[in-house]
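Engineer: My structure is below; once you've seen it, I'll send some questions.
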Amino acid sequence: RVRELMSSAHLARRVVSNVLAARSVFPAMTRTATSSTTSATSPCWSCDAERVTVRPGEAYDFFCASCGAIQPAPSSSSSPTAGGVDYFQLLGVLQKFDVDASSLEDAMKARQKVLHPDKFSTKSEKERLYSADQASAVNEAYGVLRDPLKRAQYILQARGWGVTERDGRDRPVDPELLMEVMEAREAISEASGDLDRLRSMLREYGKKVSDCIERTRDALDAEPMVGEKAKDEVVRLTYFVRILDEVKSLM
């Protein structure tokens with residue numbers, strides 16, 4: 001009987017420890033709105049308790065509230081249009097383009113601190129696997145959301161506008177933009193080996209990228225979102241980033 005009570009007390013401490021650790025490290029998880037509009041539920045693999053993994057206006061919960069066990073990584077996080085948990089929910093931030101880089105990094109580090117496989121070295125093989133998968137999912141989410149172009153493409157996809165030049169569009173890509181891109185690539189080819197010209201192009205297209213990011217932010221974060229304008233700017237940003245990368249590769 002004493003052993004049973006000790007075992008129950010140990011389990012209770014484990015639950016409280018895991019859940020409180022997650023809540024203290026993720027202070028915004030239960031009060032930060034995300035893109036989810038419906039709740040999603042699934043049974044805990046450890047105790048079979050029905051758990052709500054996604055609630056409207058809340059972030060993803062990595063642990064079971066009943067037993068404290070870490071849960072499997074969401075399978076559809078990389079496909080926001082397929083439903084389920086998206087990257088913004090994994091990091092507990094609003095689904096918007098204008099995100100603070102330092103806050104995003106803090107959110108990633110806070111989650112990695114709790115999910116790191118070293119924290120589960122004495123747990124079961126399944127828990128070690130889940131912790132590694134969850135940590136990997138957080139890293140993947142951070143890798144996308146920290147990059148302005150990838151973040152913009154992800155938001156467009158999540159909102160049904162697609163990520164290619166023709167997805168969700170009623171008109172072709174601006175021919176003037178295509179002409180500018182062709183001329184830029186010719187100029188890059190001609191400037192190969194000329195550091196002064198390459199530096200000049202780096203400044204020119206660095207400015208174009210910065211300006212395009214600002215216009216992308218304004219279109220994506222408008223209420224309501226200006227879809228066609230956002231798509232135009234993301235397509236433009238895609239081309240300018242490629243040009244900038246080509247220039248950098250020659251320096």
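In the structure tokens, chains take letters A, B, ... by order of appearance, with residues numbered from 1 within each chain and ligands from 1 in the order shown.
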Which residues, written as number ranges by chain, have at least one atom at most 9 Å from Trp45 of chain A, with only C-alpha atoms counted and residues fewer than 5 positions away on the same chain left out?
Structural biologist: A: 69, 71-72
Engineer: Export N, CA, C and O atoms of the chosen residues as a PDB file, in the first residue's frame?
Structural biologist:
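Result file result_34.pdb:
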ATOM      1  N   ALA A  69       2.733  13.531 -19.942  1.00  0.00           N
ATOM      2  CA  ALA A  69       3.593  12.893 -20.941  1.00  0.00           C
ATOM      3  C   ALA A  69       3.727  13.764 -22.186  1.00  0.00           C
ATOM      4  O   ALA A  69       2.755  14.389 -22.630  1.00  0.00           O
ATOM      5  N   GLN A  71       3.813  14.580 -26.050  1.00  0.00           N
ATOM      6  CA  GLN A  71       2.957  14.039 -27.092  1.00  0.00           C
ATOM      7  C   GLN A  71       3.674  13.983 -28.439  1.00  0.00           C
ATOM      8  O   GLN A  71       4.699  14.635 -28.637  1.00  0.00           O
ATOM      9  N   PRO A  72       3.133  13.195 -29.385  1.00  0.00           N
ATOM     10  CA  PRO A  72       3.754  13.117 -30.715  1.00  0.00           C
ATOM     11  C   PRO A  72       3.736  14.476 -31.400  1.00  0.00           C
ATOM     12  O   PRO A  72       2.860  15.310 -31.155  1.00  0.00           O
TER      13      PRO A  72
END
Engineer: For Ala152 of chain A, please output as a ChimeraX atom specification all residues within 9 Å (counting only C-alpha atoms; exclusion window: fewer than 6 positions along the same chain).
Structural biologist: /A:96-97,145,163,216-217,220,230,234
Engineer: Could you save the residues just selected, with N, CA and C atoms, as a tab-separated table (two decimals), in the first residue's frame?
Structural biologist:
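Writing done, so here's selection_9.tsv:
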chain	number	residue	atom	x	y	z
A	96	LYS	N	0.91	36.61	-38.29
A	96	LYS	CA	1.03	37.87	-39.00
A	96	LYS	C	2.46	37.98	-39.52
A	97	PHE	N	2.63	38.82	-40.53
A	97	PHE	CA	3.95	38.96	-41.13
A	97	PHE	C	4.90	39.74	-40.23
A	145	LEU	N	9.68	30.83	-40.20
A	145	LEU	CA	9.13	32.12	-39.75
A	145	LEU	C	10.18	33.19	-39.55
A	163	VAL	N	1.75	29.54	-53.28
A	163	VAL	CA	3.10	30.06	-53.14
A	163	VAL	C	3.81	30.23	-54.48
A	216	THR	N	5.05	44.17	-48.43
A	216	THR	CA	4.48	42.85	-48.13
A	216	THR	C	3.82	42.84	-46.76
A	217	ARG	N	4.51	43.43	-45.79
A	217	ARG	CA	3.96	43.54	-44.43
A	217	ARG	C	2.64	44.30	-44.44
A	220	LEU	N	-0.11	42.03	-46.15
A	220	LEU	CA	-0.48	40.81	-45.42
A	220	LEU	C	-1.15	41.11	-44.09
A	230	ALA	N	-0.74	41.51	-51.81
A	230	ALA	CA	0.21	40.69	-51.07
A	230	ALA	C	0.89	39.68	-51.99
A	234	VAL	N	4.89	39.43	-52.87
A	234	VAL	CA	5.65	38.22	-52.54
A	234	VAL	C	6.33	37.67	-53.79
Engineer: A:Asp147, A:Cys212, A:Phe120, A:Glu127: which is nearest Asp100 of chain A, counting only C-alpha atoms?
Structural biologist: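 Among the listed residues, the smallest separation from Asp100 of chain A belongs to A:Asp147.
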Engineer: Give me, please, the distance in Å between atom CA of Leu94 of chain A and atom CA of Tyr239 of chain A, quoted to one decimal.
Structural biologist: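 Here the two named atoms are 27.0 Å from each other.
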Engineer: I need the residue nearest Glu180 of chain A from this list: A:Lys208, A:His116, A:Arg215, A:Arg128. Use only C-alpha atoms for the distance.
Structural biologist: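 For Glu180 of chain A, the nearest of the given residues is A:Lys208.
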Engineer: Just list as a CSV table (one decimal) with N, CA and C atoms, in the first residue's frame whatever in segment 125-225 of chain A DSSP marks as helix (DSSP H, G or I).
Structural biologist:
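The result, stored in out-v4.csv:
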chain,number,residue,atom,x,y,z
A,125,GLU,N,11.8,4.9,-24.7
A,125,GLU,CA,12.2,5.2,-26.0
A,125,GLU,C,11.2,6.0,-26.8
A,126,LYS,N,9.9,5.8,-26.6
A,126,LYS,CA,8.9,6.5,-27.2
A,126,LYS,C,8.9,8.0,-26.9
A,127,GLU,N,9.1,8.3,-25.6
A,127,GLU,CA,9.2,9.7,-25.1
A,127,GLU,C,10.4,10.4,-25.7
A,128,ARG,N,11.5,9.6,-25.8
A,128,ARG,CA,12.7,10.2,-26.4
A,128,ARG,C,12.5,10.5,-27.8
A,129,LEU,N,11.8,9.6,-28.5
A,129,LEU,CA,11.5,9.9,-29.9
A,129,LEU,C,10.6,11.1,-30.1
A,130,TYR,N,9.6,11.2,-29.3
A,130,TYR,CA,8.6,12.3,-29.4
A,130,TYR,C,9.3,13.6,-29.1
A,131,SER,N,10.2,13.6,-28.1
A,131,SER,CA,10.9,14.9,-27.8
A,131,SER,C,11.8,15.3,-28.9
A,132,ALA,N,12.4,14.4,-29.6
A,132,ALA,CA,13.3,14.7,-30.7
A,132,ALA,C,12.4,15.2,-31.9
A,133,ASP,N,11.3,14.6,-32.1
A,133,ASP,CA,10.4,15.0,-33.2
A,133,ASP,C,9.8,16.4,-32.9
A,134,GLN,N,9.4,16.6,-31.7
A,134,GLN,CA,8.9,17.9,-31.3
A,134,GLN,C,9.9,19.0,-31.5
A,135,ALA,N,11.1,18.7,-31.0
A,135,ALA,CA,12.2,19.7,-31.1
A,135,ALA,C,12.5,20.0,-32.6
A,136,SER,N,12.5,19.0,-33.4
A,136,SER,CA,12.7,19.2,-34.8
A,136,SER,C,11.6,20.0,-35.5
A,137,ALA,N,10.3,19.8,-35.1
A,137,ALA,CA,9.2,20.5,-35.6
A,137,ALA,C,9.3,22.0,-35.2
A,138,VAL,N,9.8,22.3,-34.0
A,138,VAL,CA,10.0,23.7,-33.6
A,138,VAL,C,11.1,24.3,-34.4
A,139,ASN,N,12.2,23.6,-34.6
A,139,ASN,CA,13.3,24.1,-35.4
A,139,ASN,C,12.8,24.5,-36.8
A,140,GLU,N,12.0,23.5,-37.4
A,140,GLU,CA,11.5,23.8,-38.7
A,140,GLU,C,10.6,25.0,-38.8
A,141,ALA,N,9.8,25.1,-37.8
A,141,ALA,CA,8.9,26.3,-37.8
A,141,ALA,C,9.7,27.6,-37.7
A,142,TYR,N,10.7,27.6,-36.8
A,142,TYR,CA,11.5,28.8,-36.6
A,142,TYR,C,12.3,29.1,-37.9
A,143,GLY,N,12.8,28.1,-38.6
A,143,GLY,CA,13.5,28.3,-39.8
A,143,GLY,C,12.7,29.0,-40.9
A,144,VAL,N,11.4,28.7,-40.9
A,144,VAL,CA,10.5,29.3,-41.9
A,144,VAL,C,10.1,30.7,-41.4
A,145,LEU,N,9.7,30.8,-40.2
A,145,LEU,CA,9.1,32.1,-39.7
A,145,LEU,C,10.2,33.2,-39.6
A,148,PRO,N,11.9,36.3,-43.9
A,148,PRO,CA,10.7,37.1,-44.4
A,148,PRO,C,10.0,36.5,-45.6
A,149,LEU,N,10.8,36.1,-46.6
A,149,LEU,CA,10.2,35.5,-47.8
A,149,LEU,C,9.5,34.2,-47.5
A,150,LYS,N,10.1,33.3,-46.7
A,150,LYS,CA,9.4,32.0,-46.4
A,150,LYS,C,8.2,32.3,-45.5
A,151,ARG,N,8.3,33.3,-44.6
A,151,ARG,CA,7.2,33.6,-43.8
A,151,ARG,C,6.0,34.1,-44.6
A,152,ALA,N,6.3,35.0,-45.5
A,152,ALA,CA,5.2,35.5,-46.4
A,152,ALA,C,4.6,34.4,-47.2
A,153,GLN,N,5.4,33.6,-47.8
A,153,GLN,CA,4.9,32.5,-48.6
A,153,GLN,C,4.0,31.5,-47.7
A,154,TYR,N,4.4,31.3,-46.5
A,154,TYR,CA,3.7,30.4,-45.6
A,154,TYR,C,2.3,31.0,-45.3
A,155,ILE,N,2.3,32.3,-45.0
A,155,ILE,CA,1.0,32.9,-44.7
A,155,ILE,C,0.1,32.9,-45.9
A,156,LEU,N,0.6,33.2,-47.1
A,156,LEU,CA,-0.2,33.1,-48.3
A,156,LEU,C,-0.8,31.7,-48.5
A,157,GLN,N,0.0,30.7,-48.3
A,157,GLN,CA,-0.4,29.3,-48.5
A,157,GLN,C,-1.5,29.0,-47.4
A,158,ALA,N,-1.3,29.5,-46.2
A,158,ALA,CA,-2.2,29.2,-45.1
A,158,ALA,C,-3.6,29.9,-45.4
A,175,PRO,N,4.9,42.0,-66.6
A,175,PRO,CA,5.9,41.8,-67.6
A,175,PRO,C,7.1,42.8,-67.4
A,176,GLU,N,6.9,43.9,-66.8
A,176,GLU,CA,8.0,44.9,-66.5
A,176,GLU,C,8.9,44.2,-65.4
A,177,LEU,N,8.3,43.5,-64.5
A,177,LEU,CA,9.1,42.8,-63.5
A,177,LEU,C,10.0,41.8,-64.1
A,178,LEU,N,9.4,41.0,-65.0
A,178,LEU,CA,10.2,39.9,-65.7
A,178,LEU,C,11.3,40.5,-66.5
A,179,MET,N,11.0,41.7,-67.2
A,179,MET,CA,12.1,42.3,-67.9
A,179,MET,C,13.2,42.8,-67.0
A,180,GLU,N,12.8,43.4,-65.9
A,180,GLU,CA,13.8,43.9,-64.9
A,180,GLU,C,14.7,42.7,-64.4
A,181,VAL,N,14.1,41.6,-64.2
A,181,VAL,CA,14.8,40.4,-63.7
A,181,VAL,C,15.8,39.9,-64.8
A,182,MET,N,15.4,39.9,-66.1
A,182,MET,CA,16.2,39.5,-67.1
A,182,MET,C,17.4,40.4,-67.3
A,183,GLU,N,17.2,41.7,-67.2
A,183,GLU,CA,18.2,42.7,-67.3
A,183,GLU,C,19.2,42.6,-66.1
A,184,ALA,N,18.7,42.4,-64.9
A,184,ALA,CA,19.5,42.2,-63.8
A,184,ALA,C,20.4,41.0,-63.9
A,185,ARG,N,19.9,39.9,-64.4
A,185,ARG,CA,20.8,38.7,-64.5
A,185,ARG,C,21.9,38.9,-65.6
A,186,GLU,N,21.5,39.7,-66.6
A,186,GLU,CA,22.5,40.0,-67.6
A,186,GLU,C,23.6,40.9,-67.0
A,187,ALA,N,23.2,41.9,-66.2
A,187,ALA,CA,24.1,42.7,-65.5
A,187,ALA,C,25.0,42.0,-64.6
A,188,ILE,N,24.4,41.0,-63.9
A,188,ILE,CA,25.2,40.2,-62.9
A,188,ILE,C,26.3,39.4,-63.7
A,189,SER,N,25.9,38.9,-64.8
A,189,SER,CA,26.9,38.1,-65.6
A,189,SER,C,28.0,39.0,-66.1
A,190,GLU,N,27.7,40.2,-66.5
A,190,GLU,CA,28.7,41.1,-67.0
A,190,GLU,C,29.6,41.6,-65.9
A,191,ALA,N,29.0,41.7,-64.7
A,191,ALA,CA,29.8,42.2,-63.5
A,191,ALA,C,30.6,41.2,-62.9
A,195,LEU,N,34.2,43.8,-58.5
A,195,LEU,CA,33.6,43.9,-57.1
A,195,LEU,C,32.9,45.2,-56.9
A,196,ASP,N,33.4,46.3,-57.6
A,196,ASP,CA,32.7,47.6,-57.4
A,196,ASP,C,31.3,47.5,-58.0
A,197,ARG,N,31.1,46.9,-59.2
A,197,ARG,CA,29.8,46.8,-59.8
A,197,ARG,C,28.9,45.8,-58.9
A,198,LEU,N,29.5,44.8,-58.5
A,198,LEU,CA,28.7,43.8,-57.7
A,198,LEU,C,28.3,44.5,-56.3
A,199,ARG,N,29.1,45.3,-55.7
A,199,ARG,CA,28.7,45.9,-54.5
A,199,ARG,C,27.6,46.9,-54.8
A,200,SER,N,27.7,47.6,-55.9
A,200,SER,CA,26.6,48.6,-56.3
A,200,SER,C,25.3,47.8,-56.4
A,201,MET,N,25.3,46.7,-57.1
A,201,MET,CA,24.1,45.9,-57.3
A,201,MET,C,23.6,45.3,-56.0
A,202,LEU,N,24.5,45.0,-55.1
A,202,LEU,CA,24.1,44.5,-53.8
A,202,LEU,C,23.4,45.6,-53.0
A,203,ARG,N,23.9,46.8,-53.1
A,203,ARG,CA,23.1,47.9,-52.4
A,203,ARG,C,21.8,48.1,-53.1
A,204,GLU,N,21.8,48.2,-54.4
A,204,GLU,CA,20.5,48.4,-55.1
A,204,GLU,C,19.5,47.4,-54.8
A,205,TYR,N,19.8,46.1,-54.9
A,205,TYR,CA,18.8,45.1,-54.7
A,205,TYR,C,18.5,44.8,-53.3
A,206,GLY,N,19.5,45.2,-52.4
A,206,GLY,CA,19.2,45.1,-51.0
A,206,GLY,C,18.1,46.1,-50.6
A,207,LYS,N,18.2,47.3,-51.2
A,207,LYS,CA,17.2,48.3,-51.0
A,207,LYS,C,15.8,47.8,-51.5
A,208,LYS,N,15.8,47.2,-52.7
A,208,LYS,CA,14.6,46.8,-53.3
A,208,LYS,C,13.9,45.7,-52.4
A,209,VAL,N,14.8,44.8,-51.9
A,209,VAL,CA,14.3,43.7,-51.0
A,209,VAL,C,13.6,44.4,-49.7
A,210,SER,N,14.3,45.3,-49.1
A,210,SER,CA,13.8,46.0,-47.9
A,210,SER,C,12.5,46.7,-48.2
A,211,ASP,N,12.4,47.4,-49.3
A,211,ASP,CA,11.2,48.1,-49.6
A,211,ASP,C,10.0,47.1,-49.9
A,212,CYS,N,10.4,46.0,-50.6
A,212,CYS,CA,9.4,45.0,-50.9
A,212,CYS,C,8.9,44.3,-49.6
A,213,ILE,N,9.7,44.1,-48.7
A,213,ILE,CA,9.3,43.5,-47.4
A,213,ILE,C,8.3,44.4,-46.7
A,214,GLU,N,8.6,45.7,-46.7
A,214,GLU,CA,7.7,46.7,-46.1
A,214,GLU,C,6.3,46.6,-46.7
A,215,ARG,N,6.3,46.6,-48.0
A,215,ARG,CA,5.0,46.6,-48.8
A,215,ARG,C,4.3,45.2,-48.5
A,216,THR,N,5.0,44.2,-48.4
A,216,THR,CA,4.5,42.8,-48.1
A,216,THR,C,3.8,42.8,-46.8
A,217,ARG,N,4.5,43.4,-45.8
A,217,ARG,CA,4.0,43.5,-44.4
A,217,ARG,C,2.6,44.3,-44.4
A,218,ASP,N,2.6,45.4,-45.1
A,218,ASP,CA,1.4,46.2,-45.1
A,218,ASP,C,0.2,45.5,-45.8
A,219,ALA,N,0.5,44.7,-46.8
A,219,ALA,CA,-0.6,44.0,-47.5
A,219,ALA,C,-1.0,42.8,-46.7
A,220,LEU,N,-0.1,42.0,-46.2
A,220,LEU,CA,-0.5,40.8,-45.4
A,220,LEU,C,-1.1,41.1,-44.1
